[in-house]
Amino acid sequence: MNQHDTIVALATAQGISAIAVIRLSGSDCISITQKIFNGRNLLTADTHTAHFGTLHYNGKLIDEVLVTVFKEPRSFTRENAIEISCHGSPVIVKEIVKALLANGARLAEPGEFTKRAFLNGRMDLAQAEAVADLINAETDNARQAALNQMRGGFSKEINTLREELIHFASLIELELDFGEEDVEFAKRDDLRKLILKIQSYLSSLIQSFDQGNVIKNGVPTVIAGKPNAGKSTLLNLLLNEERAIVSEIAGTTRDVIEDEMILGGINFRFIDTAGLRETQDVIEAIGVERTRDRMRKASVILYLFDLSSATLAEIHQQTEELKQLGIPFIKVGNKIDKADPALLTSLKDQDFVLISASKHENIQQLKDKLLSFFHVSTVKSGDVLVTSLRHYQNLLQTHQSLDRVLNGMSEGVTGDFLAMDIRQALHYLGEITGAISTDDLLDNIFSKFCIGK
């Protein structure tokens, strides 16, 4: 798409609302809006001013609106920009957008406003990605983590590391120009100390990804077990609503049922599944296979044992099968109100959470146990957390490139090989902030944004 086009999109949510906001950006957006606006002359209006008037198209009144003018470079995109606040009828929004398209604008692509902000130097790539994270934040921790990144804390640290590495890279490159004179501009001891310092910081960022990923993406939590273990009852109890059908008939749940709730500042996505058993019922068998698939993809499994009927041998056998998955799991003994006391006694020292979902007993203990798997502290202003898999991978690759530099110095390799590995480290760091980027990378990132952002 031509970056000089004037783009338009609905910035607020689709559907009926009291007010809708339509955004335009591009050098001609003010003149295009002026063609259908009856009110103050927008072309002579000061930046950051709002003007009441009416919109007309083909001789027909569309709506009474408030038009806000932003003149370059004092806008989100650093281009001329317009925001039209109109009544939130989908029909009105459609007519306004149609009129703007007829006068020279085109529909914006997903994330195109933020992409222009990045391309025009308003923010770097890490900050641009944080805009989408902020919009999609479902917890206060996720909001604060995205806000910290959007305000440039993460980018500032990355840029500082790059500048220090660039300094040494330039000195080593200079040495290559005097190769026959055996001079050393970049002191190897100083370079080693710098790399160790950078790697120490990179390691802390890399380690923060576990927490950052949980904060940003939540925790897929599968509730599994044999039929009639009480999985659907537990799901309904955790969500505090009748989300799943509860029945004494085995095999009632034949497909996965999902819903979300926030515990301790973490968004848990609970997934109720079909009971695990061998069955001749074709539909139930499909559900059982989906259960196994979801278990393999889960971050944690709540595995329910029906203590009213299960034997100790069966419990041990199912526990061994769970261990083979390699997924963290919590052993939940359900129906303690109907269990043999001797069985309960034997399970107390085997890391079980013993509950009665139907009687609402010990549910808080289960929630506490679940939270203990994910040590997420409150995110404060200024905290730097890695929440993006892309950033995490770039940091790992940077660390590995610097390892090669250290190994090269230990083995006495020549400066040209050291420079090659340092340049590789700089490349990976540059990809995080967009100092180094490709069209494919940008298209992949911004295609995940909503249209009006």
# chains A, B, ... in the order shown; residues from 1 in each chain; ligands from 1
$ select_by_dssp --residues "stretch 16-131 of chain A" --states "strand (DSSP E or B)" --output "ChimeraX atom specification"
/A:17-25,37-38,49-57,60-70,81-88,106-107
$ residues_around --residues "A:Tyr428" --least-positions-apart "6" --cutoff "10 Å" --atoms "only C-alpha atoms" --output "list in words"
Arg162, His391, Gln393, Asn394, Leu395, Leu396, Gln397, Thr398, His399, Ser401, Gly434, Ala435 and Ile436 of chain A
$ residues_around --residues "A:Ala13" --least-positions-apart "2" --cutoff "12 Å" --atoms "only C-alpha atoms" --output "list in words"
Ala9, Leu10, Ala11, Gly15, Ile16, Ser17, Ala18, Ile19, Ala20, Val21, Ile22, Gly88, Ser89, Pro90, Val93, Ile135, Cys450, Ile451, Gly452 and Lys453 of chain A
$ write_last_selection --atoms "C-alpha atoms" --output "mmCIF file, in the first residue's frame"
data_model
loop_
_atom_site.group_PDB
_atom_site.id
_atom_site.type_symbol
_atom_site.label_atom_id
_atom_site.label_comp_id
_atom_site.auth_asym_id
_atom_site.auth_seq_id
_atom_site.Cartn_x
_atom_site.Cartn_y
_atom_site.Cartn_z
ATOM 1 C CA ALA A 9 -11.200 3.462 9.612
ATOM 2 C CA LEU A 10 -13.635 3.175 12.485
ATOM 3 C CA ALA A 11 -11.529 3.504 15.661
ATOM 4 C CA GLY A 15 -21.970 -2.152 16.736
ATOM 5 C CA ILE A 16 -24.423 0.295 18.247
ATOM 6 C CA SER A 17 -23.026 2.811 20.723
ATOM 7 C CA ALA A 18 -23.674 6.346 21.960
ATOM 8 C CA ILE A 19 -20.667 7.713 20.053
ATOM 9 C CA ALA A 20 -18.409 6.326 17.334
ATOM 10 C CA VAL A 21 -15.018 7.722 16.309
ATOM 11 C CA ILE A 22 -13.742 7.583 12.731
ATOM 12 C CA GLY A 88 -22.842 5.444 17.098
ATOM 13 C CA SER A 89 -25.296 4.040 14.561
ATOM 14 C CA PRO A 90 -23.666 1.525 12.175
ATOM 15 C CA VAL A 93 -20.679 5.205 10.354
ATOM 16 C CA ILE A 135 -5.492 -2.727 23.763
ATOM 17 C CA CYS A 450 -7.292 -4.172 14.894
ATOM 18 C CA ILE A 451 -8.233 -2.135 11.801
ATOM 19 C CA GLY A 452 -8.648 1.252 13.484
ATOM 20 C CA LYS A 453 -5.296 1.138 15.260
#
$ residues_around --residues "stretch 192-207 of chain A" --least-positions-apart "6" --cutoff "10 Å" --atoms "only C-alpha atoms" --output "PyMOL selection string"
chain A and resi 154+157-158+160-162+164-165+168+384-387+391-396+398-400+402-403+405-406+409-410+422
$ write_last_selection --atoms "N, CA and C atoms" --output "JSON list (two decimals), in the first residue's frame"
[["chain", "number", "residue", "atom", "x", "y", "z"],
["A", 154, "PHE", "N", 11.84, -0.64, 27.91],
["A", 154, "PHE", "CA", 12.52, -1.79, 27.32],
["A", 154, "PHE", "C", 13.42, -1.33, 26.16],
["A", 157, "GLU", "N", 16.75, 0.37, 27.18],
["A", 157, "GLU", "CA", 17.79, -0.55, 27.61],
["A", 157, "GLU", "C", 18.44, -1.24, 26.41],
["A", 158, "ILE", "N", 17.61, -1.68, 25.46],
["A", 158, "ILE", "CA", 18.13, -2.36, 24.28],
["A", 158, "ILE", "C", 19.03, -1.42, 23.47],
["A", 160, "THR", "N", 20.73, 1.15, 24.53],
["A", 160, "THR", "CA", 21.97, 1.38, 25.27],
["A", 160, "THR", "C", 22.96, 0.25, 25.03],
["A", 161, "LEU", "N", 22.46, -1.00, 25.07],
["A", 161, "LEU", "CA", 23.32, -2.15, 24.82],
["A", 161, "LEU", "C", 23.88, -2.10, 23.40],
["A", 162, "ARG", "N", 23.04, -1.75, 22.42],
["A", 162, "ARG", "CA", 23.49, -1.68, 21.03],
["A", 162, "ARG", "C", 24.58, -0.63, 20.86],
["A", 164, "GLU", "N", 26.75, 0.48, 23.02],
["A", 164, "GLU", "CA", 28.02, 0.04, 23.59],
["A", 164, "GLU", "C", 28.69, -0.99, 22.68],
["A", 165, "LEU", "N", 27.88, -1.90, 22.11],
["A", 165, "LEU", "CA", 28.44, -2.90, 21.21],
["A", 165, "LEU", "C", 28.93, -2.27, 19.91],
["A", 168, "PHE", "N", 32.48, -0.89, 20.24],
["A", 168, "PHE", "CA", 33.55, -1.86, 20.14],
["A", 168, "PHE", "C", 33.64, -2.44, 18.74],
["A", 384, "VAL", "N", 10.67, -3.83, 33.67],
["A", 384, "VAL", "CA", 10.89, -4.29, 32.30],
["A", 384, "VAL", "C", 10.70, -5.80, 32.27],
["A", 385, "LEU", "N", 9.67, -6.24, 31.54],
["A", 385, "LEU", "CA", 9.38, -7.66, 31.37],
["A", 385, "LEU", "C", 9.32, -7.98, 29.89],
["A", 386, "VAL", "N", 9.83, -9.13, 29.52],
["A", 386, "VAL", "CA", 9.71, -9.60, 28.14],
["A", 386, "VAL", "C", 8.41, -10.37, 28.03],
["A", 387, "THR", "N", 7.50, -9.89, 27.20],
["A", 387, "THR", "CA", 6.19, -10.54, 27.03],
["A", 387, "THR", "C", 6.00, -11.10, 25.63],
["A", 391, "HIS", "N", 10.62, -11.14, 20.86],
["A", 391, "HIS", "CA", 11.70, -10.51, 21.62],
["A", 391, "HIS", "C", 12.53, -11.55, 22.35],
["A", 392, "TYR", "N", 11.86, -12.53, 22.93],
["A", 392, "TYR", "CA", 12.54, -13.60, 23.67],
["A", 392, "TYR", "C", 13.53, -14.34, 22.77],
["A", 393, "GLN", "N", 13.08, -14.68, 21.56],
["A", 393, "GLN", "CA", 13.96, -15.40, 20.64],
["A", 393, "GLN", "C", 15.13, -14.53, 20.20],
["A", 394, "ASN", "N", 14.89, -13.25, 19.97],
["A", 394, "ASN", "CA", 15.99, -12.35, 19.59],
["A", 394, "ASN", "C", 17.00, -12.21, 20.72],
["A", 395, "LEU", "N", 16.53, -12.15, 21.95],
["A", 395, "LEU", "CA", 17.44, -12.04, 23.09],
["A", 395, "LEU", "C", 18.30, -13.30, 23.22],
["A", 396, "LEU", "N", 17.68, -14.48, 23.03],
["A", 396, "LEU", "CA", 18.44, -15.73, 23.08],
["A", 396, "LEU", "C", 19.52, -15.75, 22.00],
["A", 398, "THR", "N", 20.91, -13.19, 20.54],
["A", 398, "THR", "CA", 21.94, -12.21, 20.89],
["A", 398, "THR", "C", 22.93, -12.81, 21.89],
["A", 399, "HIS", "N", 22.38, -13.46, 22.91],
["A", 399, "HIS", "CA", 23.22, -14.08, 23.95],
["A", 399, "HIS", "C", 24.15, -15.11, 23.32],
["A", 400, "GLN", "N", 23.63, -15.92, 22.40],
["A", 400, "GLN", "CA", 24.45, -16.96, 21.75],
["A", 400, "GLN", "C", 25.54, -16.33, 20.88],
["A", 402, "LEU", "N", 27.01, -13.49, 21.41],
["A", 402, "LEU", "CA", 28.03, -12.97, 22.32],
["A", 402, "LEU", "C", 28.85, -14.10, 22.93],
["A", 403, "ASP", "N", 28.23, -15.27, 23.12],
["A", 403, "ASP", "CA", 28.99, -16.44, 23.56],
["A", 403, "ASP", "C", 30.09, -16.77, 22.56],
["A", 405, "VAL", "N", 31.56, -14.68, 20.59],
["A", 405, "VAL", "CA", 32.62, -13.67, 20.71],
["A", 405, "VAL", "C", 33.57, -14.04, 21.84],
["A", 406, "LEU", "N", 33.00, -14.40, 23.00],
["A", 406, "LEU", "CA", 33.84, -14.78, 24.15],
["A", 406, "LEU", "C", 34.69, -16.00, 23.82],
["A", 409, "MET", "N", 37.56, -14.99, 21.50],
["A", 409, "MET", "CA", 38.66, -14.31, 22.18],
["A", 409, "MET", "C", 39.51, -15.31, 22.97],
["A", 410, "SER", "N", 38.85, -16.30, 23.58],
["A", 410, "SER", "CA", 39.61, -17.31, 24.34],
["A", 410, "SER", "C", 40.50, -18.14, 23.43],
["A", 422, "ILE", "N", 29.88, -10.01, 16.54],
["A", 422, "ILE", "CA", 29.34, -8.80, 17.16],
["A", 422, "ILE", "C", 28.26, -8.20, 16.25]]
$ residues_around --residues "A:Leu312" --least-positions-apart "4" --cutoff "10 Å" --atoms "only C-alpha atoms" --output "ChimeraX atom specification"
/A:307,316-317,343-344,346-347
$ closest_residue --among "A:Phe118, A:Ala50, A:Asn136, A:Ala357" --to "A:Ser232" --atoms "only C-alpha atoms"
A:Ala357
$ closest_residue --among "A:Asp259, A:Pro110, A:Asp293, A:Met150" --to "A:Glu129" --atoms "only C-alpha atoms"
A:Met150
$ closest_residue --among "A:Gly415, A:Leu107, A:Ile7, A:Ser299" --to "A:Asp210" --atoms "only C-alpha atoms"
A:Ser299
$ closest_residue --among "A:Ile172, A:Ile223, A:Val376, A:Ile62" --to "A:Phe417" --atoms "only C-alpha atoms"
A:Ile172
$ closest_residue --among "A:Phe113, A:Tyr57, A:Phe268, A:Phe37" --to "A:Lys367" --atoms "only C-alpha atoms"
A:Phe268
$ atom_distance --atom1 "atom CA of A:Ala132" --atom2 "atom CA of A:Ile257"
27.2 Å
$ residues_around --residues "A:Ile363" --least-positions-apart "3" --cutoff "10 Å" --atoms "only C-alpha atoms" --output "MDAnalysis selection string"
chainID A and resid 234 237:238 353:357 359:360 366:369
$ write_last_selection --atoms "C-alpha atoms" --output "mmCIF file, in the first residue's frame"
data_model
loop_
_atom_site.group_PDB
_atom_site.id
_atom_site.type_symbol
_atom_site.label_atom_id
_atom_site.label_comp_id
_atom_site.auth_asym_id
_atom_site.auth_seq_id
_atom_site.Cartn_x
_atom_site.Cartn_y
_atom_site.Cartn_z
ATOM 1 C CA LEU A 234 -15.672 -27.812 39.222
ATOM 2 C CA LEU A 237 -17.888 -23.564 40.584
ATOM 3 C CA LEU A 238 -14.668 -21.808 39.529
ATOM 4 C CA VAL A 353 -5.677 -31.177 46.937
ATOM 5 C CA LEU A 354 -8.742 -32.802 48.464
ATOM 6 C CA ILE A 355 -12.039 -31.111 47.598
ATOM 7 C CA SER A 356 -15.749 -31.584 47.214
ATOM 8 C CA ALA A 357 -16.893 -29.584 44.209
ATOM 9 C CA LYS A 359 -20.228 -29.130 48.544
ATOM 10 C CA HIS A 360 -17.863 -26.216 47.688
ATOM 11 C CA LEU A 366 -7.170 -25.464 45.000
ATOM 12 C CA LYS A 367 -6.935 -21.866 43.768
ATOM 13 C CA ASP A 368 -3.927 -21.237 46.027
ATOM 14 C CA LYS A 369 -2.223 -24.379 44.716
#
$ residues_around --residues "A:Val214" --least-positions-apart "3" --cutoff "9 Å" --atoms "only C-alpha atoms" --output "VMD selection string"
chain A and resid 209 to 211 217 to 219 266 to 267 374 376 387
$ closest_residue --among "A:Ala130, A:Leu235, A:Ala224, A:Ala99" --to "A:Leu304" --atoms "only C-alpha atoms"
A:Ala224
$ atom_distance --atom1 "atom CA of A:Leu429" --atom2 "atom CA of A:Asn159"
8.1 Å
$ select_by_dssp --residues "stretch 194-368 of chain A" --states "helix (DSSP H, G or I)" --output "JSON, numbers by chain"
{"A": [194, 195, 196, 197, 198, 199, 200, 201, 202, 203, 204, 205, 206, 207, 209, 210, 211, 212, 213, 214, 215, 216, 217, 231, 232, 233, 234, 235, 236, 237, 238, 239, 282, 283, 284, 285, 286, 287, 288, 289, 290, 291, 292, 293, 294, 295, 296, 297, 312, 313, 314, 315, 316, 317, 318, 319, 320, 321, 322, 323, 324, 325, 336, 337, 338, 341, 342, 343, 344, 345, 346, 347, 363, 364, 365, 366, 367, 368]}
$ write_last_selection --atoms "C-alpha atoms" --output "PDB file, in the first residue's frame"
ATOM      1  CA  LEU A 194      31.330  -5.431  28.417  1.00  0.00           C
ATOM      2  CA  ILE A 195      30.030  -8.681  26.936  1.00  0.00           C
ATOM      3  CA  LEU A 196      29.723 -10.295  30.375  1.00  0.00           C
ATOM      4  CA  LYS A 197      27.825  -7.239  31.609  1.00  0.00           C
ATOM      5  CA  ILE A 198      25.487  -7.318  28.600  1.00  0.00           C
ATOM      6  CA  GLN A 199      24.937 -11.058  28.937  1.00  0.00           C
ATOM      7  CA  SER A 200      24.057 -10.649  32.601  1.00  0.00           C
ATOM      8  CA  TYR A 201      21.342  -8.156  31.685  1.00  0.00           C
ATOM      9  CA  LEU A 202      20.156 -10.280  28.754  1.00  0.00           C
ATOM     10  CA  SER A 203      19.842 -13.270  31.085  1.00  0.00           C
ATOM     11  CA  SER A 204      17.582 -11.326  33.438  1.00  0.00           C
ATOM     12  CA  LEU A 205      15.390 -10.290  30.490  1.00  0.00           C
ATOM     13  CA  ILE A 206      15.286 -13.860  29.180  1.00  0.00           C
ATOM     14  CA  GLN A 207      14.299 -15.181  32.599  1.00  0.00           C
ATOM     15  CA  PHE A 209       9.764 -14.142  29.831  1.00  0.00           C
ATOM     16  CA  ASP A 210       8.148 -16.908  31.894  1.00  0.00           C
ATOM     17  CA  GLN A 211       6.395 -14.289  34.022  1.00  0.00           C
ATOM     18  CA  GLY A 212       5.793 -11.918  31.118  1.00  0.00           C
ATOM     19  CA  ASN A 213       4.240 -14.618  28.949  1.00  0.00           C
ATOM     20  CA  VAL A 214       1.837 -15.610  31.730  1.00  0.00           C
ATOM     21  CA  ILE A 215       0.862 -11.973  32.296  1.00  0.00           C
ATOM     22  CA  LYS A 216       0.271 -11.295  28.604  1.00  0.00           C
ATOM     23  CA  ASN A 217      -1.268 -14.536  27.343  1.00  0.00           C
ATOM     24  CA  LYS A 231     -14.965 -31.813  36.007  1.00  0.00           C
ATOM     25  CA  SER A 232     -18.002 -29.842  34.844  1.00  0.00           C
ATOM     26  CA  THR A 233     -19.114 -29.213  38.420  1.00  0.00           C
ATOM     27  CA  LEU A 234     -15.672 -27.812  39.222  1.00  0.00           C
ATOM     28  CA  LEU A 235     -15.677 -25.613  36.102  1.00  0.00           C
ATOM     29  CA  ASN A 236     -19.073 -24.149  37.022  1.00  0.00           C
ATOM     30  CA  LEU A 237     -17.888 -23.564  40.584  1.00  0.00           C
ATOM     31  CA  LEU A 238     -14.668 -21.808  39.529  1.00  0.00           C
ATOM     32  CA  LEU A 239     -16.534 -19.590  37.062  1.00  0.00           C
ATOM     33  CA  VAL A 282     -17.799 -42.407  17.795  1.00  0.00           C
ATOM     34  CA  ILE A 283     -18.730 -38.885  18.973  1.00  0.00           C
ATOM     35  CA  GLU A 284     -17.458 -39.466  22.520  1.00  0.00           C
ATOM     36  CA  ALA A 285     -14.224 -40.973  21.116  1.00  0.00           C
ATOM     37  CA  ILE A 286     -13.599 -37.754  19.176  1.00  0.00           C
ATOM     38  CA  GLY A 287     -14.119 -35.803  22.409  1.00  0.00           C
ATOM     39  CA  VAL A 288     -11.662 -38.033  24.276  1.00  0.00           C
ATOM     40  CA  GLU A 289      -9.019 -37.484  21.581  1.00  0.00           C
ATOM     41  CA  ARG A 290      -9.568 -33.724  21.792  1.00  0.00           C
ATOM     42  CA  THR A 291      -9.089 -33.987  25.549  1.00  0.00           C
ATOM     43  CA  ARG A 292      -5.708 -35.662  25.090  1.00  0.00           C
ATOM     44  CA  ASP A 293      -4.705 -33.041  22.528  1.00  0.00           C
ATOM     45  CA  ARG A 294      -5.638 -30.165  24.884  1.00  0.00           C
ATOM     46  CA  MET A 295      -3.745 -31.824  27.733  1.00  0.00           C
ATOM     47  CA  ARG A 296      -0.585 -31.917  25.610  1.00  0.00           C
ATOM     48  CA  LYS A 297      -0.926 -28.179  24.891  1.00  0.00           C
ATOM     49  CA  LEU A 312      -5.286 -46.406  45.330  1.00  0.00           C
ATOM     50  CA  ALA A 313      -3.876 -48.598  42.537  1.00  0.00           C
ATOM     51  CA  GLU A 314      -5.946 -46.743  39.908  1.00  0.00           C
ATOM     52  CA  ILE A 315      -4.810 -43.393  41.280  1.00  0.00           C
ATOM     53  CA  HIS A 316      -1.133 -44.412  41.067  1.00  0.00           C
ATOM     54  CA  GLN A 317      -1.600 -45.732  37.520  1.00  0.00           C
ATOM     55  CA  GLN A 318      -3.269 -42.500  36.319  1.00  0.00           C
ATOM     56  CA  THR A 319      -0.582 -40.425  38.052  1.00  0.00           C
ATOM     57  CA  GLU A 320       2.177 -42.288  36.183  1.00  0.00           C
ATOM     58  CA  GLU A 321       0.344 -41.669  32.885  1.00  0.00           C
ATOM     59  CA  LEU A 322       0.183 -37.955  33.720  1.00  0.00           C
ATOM     60  CA  LYS A 323       3.918 -37.803  34.414  1.00  0.00           C
ATOM     61  CA  GLN A 324       4.646 -39.166  30.942  1.00  0.00           C
ATOM     62  CA  LEU A 325       2.975 -36.092  29.359  1.00  0.00           C
ATOM     63  CA  ILE A 336     -14.210 -36.276  49.669  1.00  0.00           C
ATOM     64  CA  ASP A 337     -17.686 -36.254  51.237  1.00  0.00           C
ATOM     65  CA  LYS A 338     -18.244 -39.728  49.707  1.00  0.00           C
ATOM     66  CA  PRO A 341     -11.647 -42.298  55.177  1.00  0.00           C
ATOM     67  CA  ALA A 342      -8.779 -44.789  54.810  1.00  0.00           C
ATOM     68  CA  LEU A 343      -8.234 -43.645  51.225  1.00  0.00           C
ATOM     69  CA  LEU A 344      -8.211 -39.983  52.290  1.00  0.00           C
ATOM     70  CA  THR A 345      -5.615 -40.765  54.949  1.00  0.00           C
ATOM     71  CA  SER A 346      -3.355 -42.482  52.430  1.00  0.00           C
ATOM     72  CA  LEU A 347      -3.526 -39.487  50.063  1.00  0.00           C
ATOM     73  CA  ILE A 363     -11.904 -24.698  46.631  1.00  0.00           C
ATOM     74  CA  GLN A 364      -9.741 -21.852  47.914  1.00  0.00           C
ATOM     75  CA  GLN A 365      -6.952 -24.364  48.626  1.00  0.00           C
ATOM     76  CA  LEU A 366      -7.170 -25.464  45.000  1.00  0.00           C
ATOM     77  CA  LYS A 367      -6.935 -21.866  43.768  1.00  0.00           C
ATOM     78  CA  ASP A 368      -3.927 -21.237  46.027  1.00  0.00           C
TER      79      ASP A 368
END
$ atom_distance --atom1 "atom CA of A:Glu411" --atom2 "atom CA of A:Arg188"
12.3 Å
